[in-house]
file protein_6.pdb (PDB, C-alpha atoms)
ATOM      1  CA  MET A 133       4.973  -1.926 -17.886
ATOM      2  CA  SER A 134       4.152  -2.663 -21.506
ATOM      3  CA  ASP A 135       5.116  -0.058 -24.093
ATOM      4  CA  THR A 136       1.873  -0.598 -25.993
ATOM      5  CA  ALA A 137      -0.646  -0.551 -23.128
ATOM      6  CA  VAL A 138      -2.425   2.575 -21.907
ATOM      7  CA  TYR A 139      -2.016   2.986 -18.139
ATOM      8  CA  ALA A 140      -4.468   4.664 -15.816
ATOM      9  CA  ALA A 141      -5.199   4.828 -12.092
ATOM     10  CA  GLY A 142      -8.124   5.530  -9.839
ATOM     11  CA  ALA A 143      -9.734   4.697  -6.528
ATOM     12  CA  VAL A 144     -12.692   3.202  -4.759
ATOM     13  CA  VAL A 145     -13.458   6.287  -2.693
ATOM     14  CA  TRP A 146     -15.360   5.500   0.501
ATOM     15  CA  ARG A 147     -16.841   7.150   3.576
ATOM     16  CA  LEU A 148     -19.017   6.256   6.539
ATOM     17  CA  ILE A 149     -22.421   7.966   6.767
ATOM     18  CA  ASP A 150     -24.193   7.200  10.060
ATOM     19  CA  ASP A 151     -21.794   4.246  10.403
ATOM     20  CA  LYS A 152     -22.894   2.900   7.015
ATOM     21  CA  LEU A 153     -20.318   2.344   4.304
ATOM     22  CA  ARG A 154     -20.795   4.276   1.080
ATOM     23  CA  VAL A 155     -18.691   4.359  -2.083
ATOM     24  CA  LEU A 156     -18.464   7.095  -4.679
ATOM     25  CA  LEU A 157     -19.677   6.672  -8.253
ATOM     26  CA  ILE A 158     -19.355   9.194 -11.061
ATOM     27  CA  HIS A 159     -21.849   9.802 -13.854
ATOM     28  CA  ARG A 160     -19.954  10.809 -16.986
ATOM     29  CA  THR A 161     -21.564  13.330 -19.294
ATOM     30  CA  LYS A 162     -20.089  12.318 -22.650
ATOM     31  CA  TYR A 163     -20.384   8.553 -22.284
ATOM     32  CA  ARG A 164     -23.649   8.553 -20.305
ATOM     33  CA  ASP A 165     -22.287   5.862 -18.025
ATOM     34  CA  VAL A 166     -21.626   5.229 -14.336
ATOM     35  CA  THR A 167     -18.106   4.330 -13.309
ATOM     36  CA  LEU A 168     -15.345   4.773 -10.730
ATOM     37  CA  PRO A 169     -13.079   7.836 -10.684
ATOM     38  CA  LYS A 170      -9.973   7.150 -12.745
ATOM     39  CA  GLY A 171      -7.843   8.574 -15.526
ATOM     40  CA  LYS A 172      -4.767   8.178 -17.685
ATOM     41  CA  VAL A 173      -1.237   8.643 -16.408
ATOM     42  CA  ASP A 174       0.229  11.993 -17.410
ATOM     43  CA  PRO A 175       3.819  12.101 -18.741
ATOM     44  CA  GLY A 176       6.292  11.715 -15.884
ATOM     45  CA  GLU A 177       3.666  10.630 -13.347
ATOM     46  CA  MET A 178       3.754   7.533 -11.169
ATOM     47  CA  LEU A 179       0.531   5.557 -10.769
ATOM     48  CA  ALA A 180      -0.220   6.571  -7.179
ATOM     49  CA  GLN A 181       0.144  10.226  -8.114
ATOM     50  CA  THR A 182      -2.268   9.740 -11.018
ATOM     51  CA  ALA A 183      -4.906   8.125  -8.816
ATOM     52  CA  VAL A 184      -4.994  11.030  -6.352
ATOM     53  CA  ARG A 185      -4.960  13.665  -9.096
ATOM     54  CA  GLU A 186      -7.773  12.021 -11.074
ATOM     55  CA  VAL A 187     -10.012  11.651  -8.030
ATOM     56  CA  ARG A 188      -9.473  15.329  -7.240
ATOM     57  CA  GLU A 189     -10.138  16.439 -10.821
ATOM     58  CA  GLU A 190     -13.270  14.331 -11.284
ATOM     59  CA  THR A 191     -14.875  14.652  -7.852
ATOM     60  CA  GLY A 192     -13.279  17.707  -6.240
ATOM     61  CA  ILE A 193     -12.239  15.546  -3.272
ATOM     62  CA  ARG A 194      -8.635  15.307  -2.082
ATOM     63  CA  VAL A 195      -7.877  11.781  -0.863
ATOM     64  CA  VAL A 196      -4.891   9.766   0.292
ATOM     65  CA  LEU A 197      -4.447   6.192  -0.841
ATOM     66  CA  GLY A 198      -5.017   3.121   1.279
ATOM     67  CA  THR A 199      -4.445  -0.467   0.247
ATOM     68  CA  PRO A 200      -4.387  -1.543  -3.409
ATOM     69  CA  VAL A 201      -7.745  -2.949  -4.504
ATOM     70  CA  GLY A 202      -6.916  -4.455  -7.868
ATOM     71  CA  VAL A 203      -6.091  -3.942 -11.509
ATOM     72  CA  SER A 204      -8.604  -3.955 -14.346
ATOM     73  CA  ARG A 205      -7.617  -4.745 -17.924
ATOM     74  CA  TYR A 206      -9.688  -4.346 -21.030
ATOM     75  CA  TRP A 207      -9.159  -3.804 -24.731
ATOM     76  CA  MET A 208      -9.501  -0.471 -26.468
ATOM     77  CA  ARG A 209      -9.771   0.093 -30.175
ATOM     78  CA  PRO A 210      -7.673  -0.633 -32.141
ATOM     79  CA  LYS A 211      -6.356  -3.648 -30.221
ATOM     80  CA  ARG A 212      -4.729  -1.701 -27.434
ATOM     81  CA  GLN A 213      -5.057  -2.768 -23.818
ATOM     82  CA  LYS A 214      -5.929  -0.359 -21.032
ATOM     83  CA  VAL A 215      -4.577  -1.202 -17.572
ATOM     84  CA  VAL A 216      -6.121   0.598 -14.592
ATOM     85  CA  HIS A 217      -4.701   0.358 -11.048
ATOM     86  CA  TYR A 218      -7.068   1.044  -8.133
ATOM     87  CA  TRP A 219      -6.632   1.812  -4.445
ATOM     88  CA  ALA A 220      -9.077   2.163  -1.577
ATOM     89  CA  ALA A 221      -9.249   5.814  -0.519
ATOM     90  CA  GLU A 222     -11.203   7.323   2.367
ATOM     91  CA  ALA A 223     -12.961  10.635   1.837
ATOM     92  CA  THR A 224     -12.783  12.409   5.176
ATOM     93  CA  ASP A 225     -15.488  14.829   6.319
ATOM     94  CA  GLU A 226     -12.972  17.651   5.979
ATOM     95  CA  ALA A 227     -12.136  16.670   2.388
ATOM     96  CA  ILE A 228     -15.819  16.481   1.459
ATOM     97  CA  ARG A 229     -16.509  19.907   2.962
ATOM     98  CA  ALA A 230     -13.608  21.294   0.929
ATOM     99  CA  SER A 231     -14.789  19.665  -2.310
ATOM    100  CA  THR A 232     -14.943  21.968  -5.310
ATOM    101  CA  PHE A 233     -17.134  19.711  -7.463
ATOM    102  CA  VAL A 234     -19.812  21.170  -9.703
ATOM    103  CA  PRO A 235     -21.413  19.366 -12.670
ATOM    104  CA  ASN A 236     -19.376  19.973 -15.799
ATOM    105  CA  SER A 237     -18.840  18.852 -19.380
ATOM    106  CA  GLU A 238     -17.026  15.716 -18.212
ATOM    107  CA  ILE A 239     -18.800  14.678 -15.002
ATOM    108  CA  ALA A 240     -22.557  15.210 -14.736
ATOM    109  CA  ALA A 241     -22.914  14.032 -11.138
ATOM    110  CA  ILE A 242     -21.318  12.145  -8.274
ATOM    111  CA  GLU A 243     -23.241   9.749  -6.073
ATOM    112  CA  TRP A 244     -22.644   8.029  -2.725
ATOM    113  CA  VAL A 245     -24.193   4.547  -2.637
ATOM    114  CA  SER A 246     -23.902   1.288  -0.743
ATOM    115  CA  VAL A 247     -21.607  -1.394  -2.123
ATOM    116  CA  LYS A 248     -24.674  -3.438  -3.069
ATOM    117  CA  LYS A 249     -26.139  -0.582  -5.103
ATOM    118  CA  ALA A 250     -22.753   0.162  -6.642
ATOM    119  CA  ARG A 251     -22.593  -3.337  -8.100
ATOM    120  CA  LYS A 252     -25.973  -2.769  -9.751
ATOM    121  CA  ARG A 253     -25.384   0.755 -11.033
ATOM    122  CA  LEU A 254     -21.892   0.480 -12.483
ATOM    123  CA  SER A 255     -21.940   0.290 -16.269
ATOM    124  CA  TYR A 256     -18.964  -2.047 -16.730
ATOM    125  CA  PRO A 257     -18.193  -5.539 -15.360
ATOM    126  CA  VAL A 258     -14.518  -4.620 -14.784
ATOM    127  CA  ASP A 259     -15.641  -1.883 -12.382
ATOM    128  CA  VAL A 260     -17.949  -4.309 -10.588
ATOM    129  CA  GLU A 261     -14.989  -6.676 -10.086
ATOM    130  CA  ILE A 262     -12.987  -3.868  -8.467
ATOM    131  CA  VAL A 263     -15.846  -3.026  -6.099
ATOM    132  CA  GLU A 264     -16.186  -6.702  -5.194
ATOM    133  CA  ALA A 265     -12.468  -6.814  -4.392
ATOM    134  CA  PHE A 266     -12.943  -3.730  -2.214
ATOM    135  CA  GLU A 267     -15.842  -5.467  -0.445
ATOM    136  CA  ARG A 268     -13.540  -8.378   0.408
ATOM    137  CA  LEU A 269     -11.205  -5.934   2.153
ATOM    138  CA  VAL A 270     -14.150  -4.658   4.146
ATOM    139  CA  ASP A 271     -15.195  -8.196   5.066
ATOM    140  CA  ASP A 272     -11.630  -8.939   6.182
ATOM    141  CA  GLY A 273     -11.697  -5.925   8.498
ATOM    142  CA  VAL A 274      -8.780  -4.122   6.850
ATOM    143  CA  LEU A 275     -10.475  -0.963   5.636
ATOM    144  CA  HIS A 276      -8.687   1.367   8.074
ATOM    145  CA  THR A 277      -4.965   1.143   7.343
ATOM    146  CA  PHE A 278      -1.745   3.133   7.502
ATOM    147  CA  PRO A 279       1.440   2.742   5.438
ATOM    148  CA  LEU A 280       5.089   2.413   6.365
ATOM    149  CA  ILE A 281       7.045   3.285   3.237
ATOM    150  CA  VAL A 282      10.535   1.865   2.837
ATOM    151  CA  LEU A 283      12.514   4.156   0.525
ATOM    152  CA  ARG A 284      15.929   3.616  -1.021
ATOM    153  CA  HIS A 285      17.859   6.840  -1.484
ATOM    154  CA  ALA A 286      18.120   8.263  -4.995
ATOM    155  CA  LYS A 287      21.168   7.971  -7.259
ATOM    156  CA  ALA A 288      24.325   9.179  -5.489
ATOM    157  CA  ILE A 289      27.893   9.770  -6.606
ATOM    158  CA  GLY A 290      29.722   6.432  -6.562
ATOM    159  CA  ARG A 291      32.277   5.562  -3.914
ATOM    160  CA  VAL A 292      35.089   5.366  -6.449
ATOM    161  CA  ASP A 293      34.342   8.907  -7.612
ATOM    162  CA  TRP A 294      34.221  10.408  -4.108
ATOM    163  CA  ASP A 295      37.218  11.380  -1.982
ATOM    164  CA  GLY A 296      35.395  12.296   1.221
ATOM    165  CA  GLU A 297      33.600  10.259   3.869
ATOM    166  CA  ASP A 298      31.058   7.808   2.518
ATOM    167  CA  ALA A 299      28.224   9.355   4.545
ATOM    168  CA  ALA A 300      28.885  12.700   2.838
ATOM    169  CA  ARG A 301      28.343  11.430  -0.719
ATOM    170  CA  PRO A 302      25.692  13.648  -2.385
ATOM    171  CA  LEU A 303      23.124  12.860  -5.050
ATOM    172  CA  THR A 304      23.951  13.099  -8.728
ATOM    173  CA  ASP A 305      21.885  15.275 -11.057
ATOM    174  CA  ARG A 306      19.817  12.209 -11.878
ATOM    175  CA  GLY A 307      19.361  11.524  -8.174
ATOM    176  CA  ILE A 308      18.096  15.049  -7.618
ATOM    177  CA  ARG A 309      15.549  14.539 -10.402
ATOM    178  CA  GLN A 310      14.491  11.229  -8.854
ATOM    179  CA  ALA A 311      14.022  12.837  -5.439
ATOM    180  CA  LYS A 312      11.745  15.472  -6.960
ATOM    181  CA  ALA A 313       9.829  12.859  -8.976
ATOM    182  CA  ILE A 314       8.930  10.680  -5.981
ATOM    183  CA  ALA A 315       7.774  13.484  -3.667
ATOM    184  CA  SER A 316       4.199  13.631  -5.007
ATOM    185  CA  PRO A 317       3.751   9.833  -5.205
ATOM    186  CA  LEU A 318       4.912   9.542  -1.594
ATOM    187  CA  ARG A 319       2.511  12.286  -0.586
ATOM    188  CA  ALA A 320      -0.302  10.346  -2.277
ATOM    189  CA  PHE A 321      -0.155   7.868   0.618
ATOM    190  CA  GLY A 322      -0.707  10.601   3.207
ATOM    191  CA  VAL A 323       2.837  10.682   4.570
ATOM    192  CA  ARG A 324       3.178  12.968   7.600
ATOM    193  CA  ARG A 325       6.366  11.583   9.167
ATOM    194  CA  ILE A 326       9.814  11.227   7.593
ATOM    195  CA  VAL A 327      12.630   9.254   9.190
ATOM    196  CA  THR A 328      15.929   9.123   7.320
ATOM    197  CA  SER A 329      19.465   7.867   7.632
ATOM    198  CA  ASP A 330      21.755  10.776   8.427
ATOM    199  CA  ALA A 331      23.831  10.094   5.289
ATOM    200  CA  MET A 332      23.781  13.038   2.873
ATOM    201  CA  ARG A 333      22.344  10.970   0.002
ATOM    202  CA  CYS A 334      19.331  10.042   2.133
ATOM    203  CA  VAL A 335      18.845  13.527   3.560
ATOM    204  CA  GLN A 336      18.862  14.995   0.045
ATOM    205  CA  THR A 337      16.441  12.317  -1.194
ATOM    206  CA  VAL A 338      13.688  13.320   1.237
ATOM    207  CA  ALA A 339      14.280  17.098   0.932
ATOM    208  CA  PRO A 340      11.616  17.622  -1.810
ATOM    209  CA  LEU A 341       9.108  15.618   0.251
ATOM    210  CA  GLU A 342       9.883  17.732   3.330
ATOM    211  CA  LYS A 343       9.098  20.841   1.327
ATOM    212  CA  LYS A 344       5.915  19.406  -0.193
ATOM    213  CA  ILE A 345       4.328  18.300   3.098
ATOM    214  CA  GLY A 346       5.826  21.030   5.286
ATOM    215  CA  ARG A 347       7.504  18.604   7.690
ATOM    216  CA  THR A 348      11.138  18.226   8.781
ATOM    217  CA  ALA A 349      12.656  14.757   8.558
ATOM    218  CA  ARG A 350      14.100  13.121  11.651
ATOM    219  CA  GLN A 351      17.685  12.144  10.871
ATOM    220  CA  THR A 352      19.125   9.125  12.650
ATOM    221  CA  ARG A 353      22.179   6.879  12.491
ATOM    222  CA  LYS A 354      20.025   3.973  13.645
ATOM    223  CA  ILE A 355      19.096   3.073  10.048
ATOM    224  CA  SER A 356      22.299   4.252   8.339
ATOM    225  CA  GLN A 357      24.523   1.988   6.261
ATOM    226  CA  GLU A 358      27.541   2.884   8.370
ATOM    227  CA  ALA A 359      25.821   1.764  11.566
ATOM    228  CA  TRP A 360      24.500  -1.363   9.849
ATOM    229  CA  GLU A 361      27.991  -2.307   8.637
ATOM    230  CA  ASN A 362      29.426  -1.684  12.132
ATOM    231  CA  ASP A 363      26.645  -3.673  13.795
ATOM    232  CA  THR A 364      25.494  -0.610  15.741
ATOM    233  CA  ALA A 365      22.201  -0.035  13.918
ATOM    234  CA  ASP A 366      18.966  -0.025  15.916
ATOM    235  CA  ILE A 367      16.273  -0.705  13.345
ATOM    236  CA  ARG A 368      13.983  -2.346  15.880
ATOM    237  CA  SER A 369      13.433   0.784  17.968
ATOM    238  CA  VAL A 370      12.727   2.889  14.861
ATOM    239  CA  ILE A 371      10.183   0.427  13.483
ATOM    240  CA  GLY A 372       8.550  -0.104  16.862
ATOM    241  CA  ARG A 373       8.001   3.626  17.308
ATOM    242  CA  ARG A 374       6.491   4.021  13.855
ATOM    243  CA  ILE A 375       4.083   1.102  14.289
ATOM    244  CA  ARG A 376       2.961   2.337  17.710
ATOM    245  CA  SER A 377       2.208   5.762  16.235
ATOM    246  CA  ARG A 378      -0.025   4.224  13.519
ATOM    247  CA  LYS A 379       0.672   7.183  11.228
ATOM    248  CA  PRO A 380       1.839   7.144   7.599
ATOM    249  CA  ALA A 381       5.622   7.405   7.495
ATOM    250  CA  VAL A 382       8.599   7.161   5.159
ATOM    251  CA  LEU A 383      11.808   5.414   6.203
ATOM    252  CA  CYS A 384      14.676   6.395   3.892
ATOM    253  CA  SER A 385      17.747   4.179   4.017
ATOM    254  CA  HIS A 386      20.289   2.242   1.934
ATOM    255  CA  GLY A 387      20.092  -0.815  -0.299
ATOM    256  CA  PRO A 388      21.939  -3.189   2.076
ATOM    257  CA  VAL A 389      19.813  -2.082   5.038
ATOM    258  CA  LEU A 390      16.376  -2.399   3.415
ATOM    259  CA  PRO A 391      15.949  -6.187   3.916
ATOM    260  CA  ALA A 392      16.514  -5.737   7.647
ATOM    261  CA  ILE A 393      13.936  -2.926   7.764
ATOM    262  CA  VAL A 394      11.265  -4.962   5.954
ATOM    263  CA  SER A 395      12.083  -8.025   8.085
ATOM    264  CA  GLU A 396      11.678  -5.970  11.250
ATOM    265  CA  ILE A 397       8.257  -4.709  10.104
ATOM    266  CA  ALA A 398       7.244  -8.327   9.535
ATOM    267  CA  LEU A 399       8.490  -9.391  12.966
ATOM    268  CA  ALA A 400       6.833  -6.471  14.722
ATOM    269  CA  THR A 401       3.459  -7.249  13.157
ATOM    270  CA  GLY A 402       3.520 -11.015  13.544
ATOM    271  CA  THR A 403       3.760 -11.590   9.802
ATOM    272  CA  VAL A 404       4.947 -14.984   8.581
ATOM    273  CA  PRO A 405       8.349 -14.567   6.840
ATOM    274  CA  GLY A 406       8.400 -15.141   3.106
ATOM    275  CA  SER A 407       9.930 -14.267  -0.245
ATOM    276  CA  TYR A 408       8.007 -10.988  -0.199
ATOM    277  CA  ILE A 409      10.771  -9.568   2.000
ATOM    278  CA  ASP A 410      13.287  -9.890  -0.827
ATOM    279  CA  SER A 411      10.797  -8.534  -3.365
ATOM    280  CA  ALA A 412       9.929  -5.517  -1.213
ATOM    281  CA  SER A 413      13.526  -4.668  -0.337
ATOM    282  CA  THR A 414      15.230  -5.207  -3.701
ATOM    283  CA  LEU A 415      14.701  -1.667  -4.936
ATOM    284  CA  GLU A 416      16.300   0.476  -7.581
ATOM    285  CA  VAL A 417      17.685   3.812  -6.401
ATOM    286  CA  GLY A 418      14.762   6.130  -5.677
ATOM    287  CA  GLY A 419      12.365   3.188  -5.460
ATOM    288  CA  PHE A 420      10.041   2.523  -2.541
ATOM    289  CA  SER A 421       7.805  -0.188  -1.133
ATOM    290  CA  VAL A 422       4.555   0.688   0.628
ATOM    291  CA  VAL A 423       3.799  -1.707   3.486
ATOM    292  CA  HIS A 424       0.127  -1.447   4.482
ATOM    293  CA  LEU A 425      -0.814  -2.249   8.085
ATOM    294  CA  SER A 426      -4.114  -2.334   9.967
ATOM    295  CA  ALA A 427      -4.733   0.902  11.852
ATOM    296  CA  THR A 428      -6.932  -0.877  14.383
ATOM    297  CA  ASN A 429      -4.747  -3.956  14.881
ATOM    298  CA  PRO A 430      -1.187  -3.600  13.492
ATOM    299  CA  GLY A 431      -0.221  -6.890  15.102
ATOM    300  CA  SER A 432      -2.531  -8.759  12.719
ATOM    301  CA  GLY A 433       0.189  -8.811  10.069
ATOM    302  CA  ILE A 434       1.107  -7.045   6.856
ATOM    303  CA  ILE A 435      -1.987  -6.537   4.700
ATOM    304  CA  SER A 436      -0.221  -5.836   1.407
ATOM    305  CA  ILE A 437       2.994  -4.499  -0.088
ATOM    306  CA  GLU A 438       3.321  -2.545  -3.314
ATOM    307  CA  THR A 439       6.525  -1.360  -4.981
ATOM    308  CA  HIS A 440       7.101   1.766  -7.068
ATOM    309  CA  GLU A 441      10.114   2.845  -9.144
ATOM    310  CA  PRO A 442      10.809   6.356 -10.455
ATOM    311  CA  LYS A 443      10.815   6.878 -14.223
ATOM    312  CA  VAL A 444      13.912   9.106 -14.275
TER     313      VAL A 444
END

call {"tool": "encode", "arguments": {"input": "protein_6.pdb", "output": "structure tokens"}}
result
Amino acid sequence: MSDTAVYAAGAVVWRLIDDKLRVLLIHRTKYRDVTLPKGKVDPGEMLAQTAVREVREETGIRVVLGTPVGVSRYWMRPKRQKVVHYWAAEATDEAIRASTFVPNSEIAAIEWVSVKKARKRLSYPVDVEIVEAFERLVDDGVLHTFPLIVLRHAKAIGRVDWDGEDAARPLTDRGIRQAKAIASPLRAFGVRRIVTSDAMRCVQTVAPLEKKIGRTARQTRKISQEAWENDTADIRSVIGRRIRSRKPAVLCSHGPVLPAIVSEIALATGTVPGSYIDSASTLEVGGFSVVHLSATNPGSGIISIETHEPKV
């Protein structure tokens, strides 16, 4: 990220009404314009977390993020660039019923329209480009998706500074802060399942996420570093189960094991191997890659991969 740019995040929020696709536009009071829900990153936030929070604040609707749609860039005065990251995000019937939106000093109204009408009503060309990118996803049949999130454990005490078994190494203070910082961004993708290596550093990494979503992680040696080093790991069975379930999940493991996990996702979905495997698996401690798959046809290949790193 640039130190001089202003970063923001938002979503193309969509729903089906009588089997017809509709997207959500907001009418802003102050600017008298029509745009997509978005807002600036708050201190300490990660982009995915910002997108979900801003949609909730502006529309009253709680969403989870789907595939990335695109990034818009434009210049603000004085000569400062604004960079806005967007995701597709479904508004479920339950979320709409629970919406708390009322017209206010910031947002005068929200409106559900067809993609065609959205292109005409949006006030800014950069927003139109994002909606057009969203429409391409629809045309490609990849609107309904689910994520498998590959997570590297947070910062742990180094081997040279630890006298016990390697699997018992705990997180450092920084690692504990990282684990707390990534819990909300992970939740932004609708995570309901957590699978983790049974090593202490992995178990501690997902503990804040367990608390936030009210779910207990399944601990397994099958994706542990010890099993991987001893050639007793069973990554294939773990990945196969997660893809068959078609539910958002986090897989927390170790740096050396991550390339094998991403490779197995590619193999299981019929995705052509490529350099993206290295890019998606070369993560800093506490970093994660979100692998988006089709919910209707997971075997059609990986749709997209995005990588996030904690700021602590």

call {"tool": "resolve_selection", "arguments": {"input": "protein_6.pdb", "expression": "the PyMOL selection byres ((chain A and resi 398-413) around 10)", "output": "MDAnalysis selection string"}}
result
chainID A and resid 282:284 368 371:372 375 386:397 414:416 419:423 425:426 429:440

call {"tool": "resolve_selection", "arguments": {"input": "protein_6.pdb", "expression": "the PyMOL selection byres ((chain A and resi 359) around 12)", "output": "number ranges by chain"}}
result
A: 299, 329-331, 352-358, 360-367, 385-386, 388-389

call {"tool": "atom_distance", "arguments": {"input": "protein_6.pdb", "atom1": "atom CA of A:Arg185", "atom2": "atom CA of A:Lys344"}}
result
15.2 Å

call {"tool": "closest_residue", "arguments": {"input": "protein_6.pdb", "among": "A:Leu280, A:Pro317, A:Ala223, A:Thr167", "to": "A:Tyr256", "atoms": "only C-alpha atoms"}}
result
A:Thr167

call {"tool": "resolve_selection", "arguments": {"input": "protein_6.pdb", "expression": "the PyMOL selection byres ((chain A and resi 146) around 12)", "output": "ChimeraX atom specification"}}
result
/A:143-145,147-149,151-157,168-169,187,193,195-198,219-225,227-228,243-247,250,263,266-267,270,275-276

call {"tool": "axis_aligned_box", "arguments": {"input": "protein_6.pdb", "around": "stretch 406-424 of chain A", "padding_each_side": "6 Å", "output": "AutoDock Vina command-line options"}}
result
--center_x 8.9 --center_y -4.5 --center_z -1.5 --size_x 29.6 --size_y 33.3 --size_z 24.1

call {"tool": "atom_distance", "arguments": {"input": "protein_6.pdb", "atom1": "atom CA of A:Val138", "atom2": "atom CA of A:Asp259"}}
result
16.9 Å

call {"tool": "closest_residue", "arguments": {"input": "protein_6.pdb", "among": "A:Glu261, A:Glu177, A:Val234, A:Gln213", "to": "A:Val201", "atoms": "all atoms listed in the file"}}
result
A:Glu261

call {"tool": "closest_residue", "arguments": {"input": "protein_6.pdb", "among": "A:Lys211, A:Arg194, A:Arg164, A:Arg373", "to": "A:Thr136", "atoms": "only C-alpha atoms"}}
result
A:Lys211

call {"tool": "closest_residue", "arguments": {"input": "protein_6.pdb", "among": "A:His424, A:Arg319, A:Arg309, A:Lys170", "to": "A:Tyr218", "atoms": "all atoms listed in the file"}}
result
A:Lys170

call {"tool": "residues_around", "arguments": {"input": "protein_6.pdb", "residues": "A:Ser255", "least_positions_apart": "5", "cutoff": "9 Å", "atoms": "all atoms listed in the file", "output": "list of chain:residue names"}}
result
A:Asp165, A:Val166, A:Thr167, A:Val260

call {"tool": "closest_residue", "arguments": {"input": "protein_6.pdb", "among": "A:Ala137, A:Val370, A:Val203, A:Cys334", "to": "A:Ala265", "atoms": "only C-alpha atoms"}}
result
A:Val203

call {"tool": "closest_residue", "arguments": {"input": "protein_6.pdb", "among": "A:Asp150, A:Leu341, A:Thr277, A:Ala320", "to": "A:Arg188", "atoms": "only C-alpha atoms"}}
result
A:Ala320

call {"tool": "atom_distance", "arguments": {"input": "protein_6.pdb", "atom1": "atom CA of A:Gly176", "atom2": "atom CA of A:Glu189"}}
result
17.8 Å

call {"tool": "residues_around", "arguments": {"input": "protein_6.pdb", "residues": "A:Phe233", "least_positions_apart": "3", "cutoff": "8 Å", "atoms": "only C-alpha atoms", "output": "number ranges by chain"}}
result
A: 190-193

call {"tool": "write_last_selection", "arguments": {"input": "protein_6.pdb", "atoms": "C-alpha atoms", "output": "short mmCIF file (atom, residue, chain, number, x, y, z; two decimals), keeping the file's coordinate frame"}}
result
data_model
loop_
_atom_site.label_atom_id
_atom_site.label_comp_id
_atom_site.auth_asym_id
_atom_site.auth_seq_id
_atom_site.Cartn_x
_atom_site.Cartn_y
_atom_site.Cartn_z
CA GLU A 190 -13.27 14.33 -11.28
CA THR A 191 -14.88 14.65 -7.85
CA GLY A 192 -13.28 17.71 -6.24
CA ILE A 193 -12.24 15.55 -3.27
#

call {"tool": "decode", "arguments": {"input": "protein_6.pdb", "residues": "stretch 284-295 of chain A", "atoms": "C-alpha atoms", "output": "PDB file, in the first residue's frame"}}
result
ATOM      1  CA  ARG A 284      -0.419 -19.111   8.354  1.00  0.00           C
ATOM      2  CA  HIS A 285      -0.190 -19.097  12.132  1.00  0.00           C
ATOM      3  CA  ALA A 286       0.732 -15.833  13.842  1.00  0.00           C
ATOM      4  CA  LYS A 287       4.178 -14.974  15.214  1.00  0.00           C
ATOM      5  CA  ALA A 288       5.443 -17.693  17.574  1.00  0.00           C
ATOM      6  CA  ILE A 289       8.448 -17.992  19.856  1.00  0.00           C
ATOM      7  CA  GLY A 290      11.429 -19.093  17.761  1.00  0.00           C
ATOM      8  CA  ARG A 291      12.831 -22.600  17.927  1.00  0.00           C
ATOM      9  CA  VAL A 292      16.151 -21.391  19.301  1.00  0.00           C
ATOM     10  CA  ASP A 293      14.376 -19.665  22.183  1.00  0.00           C
ATOM     11  CA  TRP A 294      12.218 -22.668  23.115  1.00  0.00           C
ATOM     12  CA  ASP A 295      13.325 -25.675  25.158  1.00  0.00           C
TER      13      ASP A 295
END
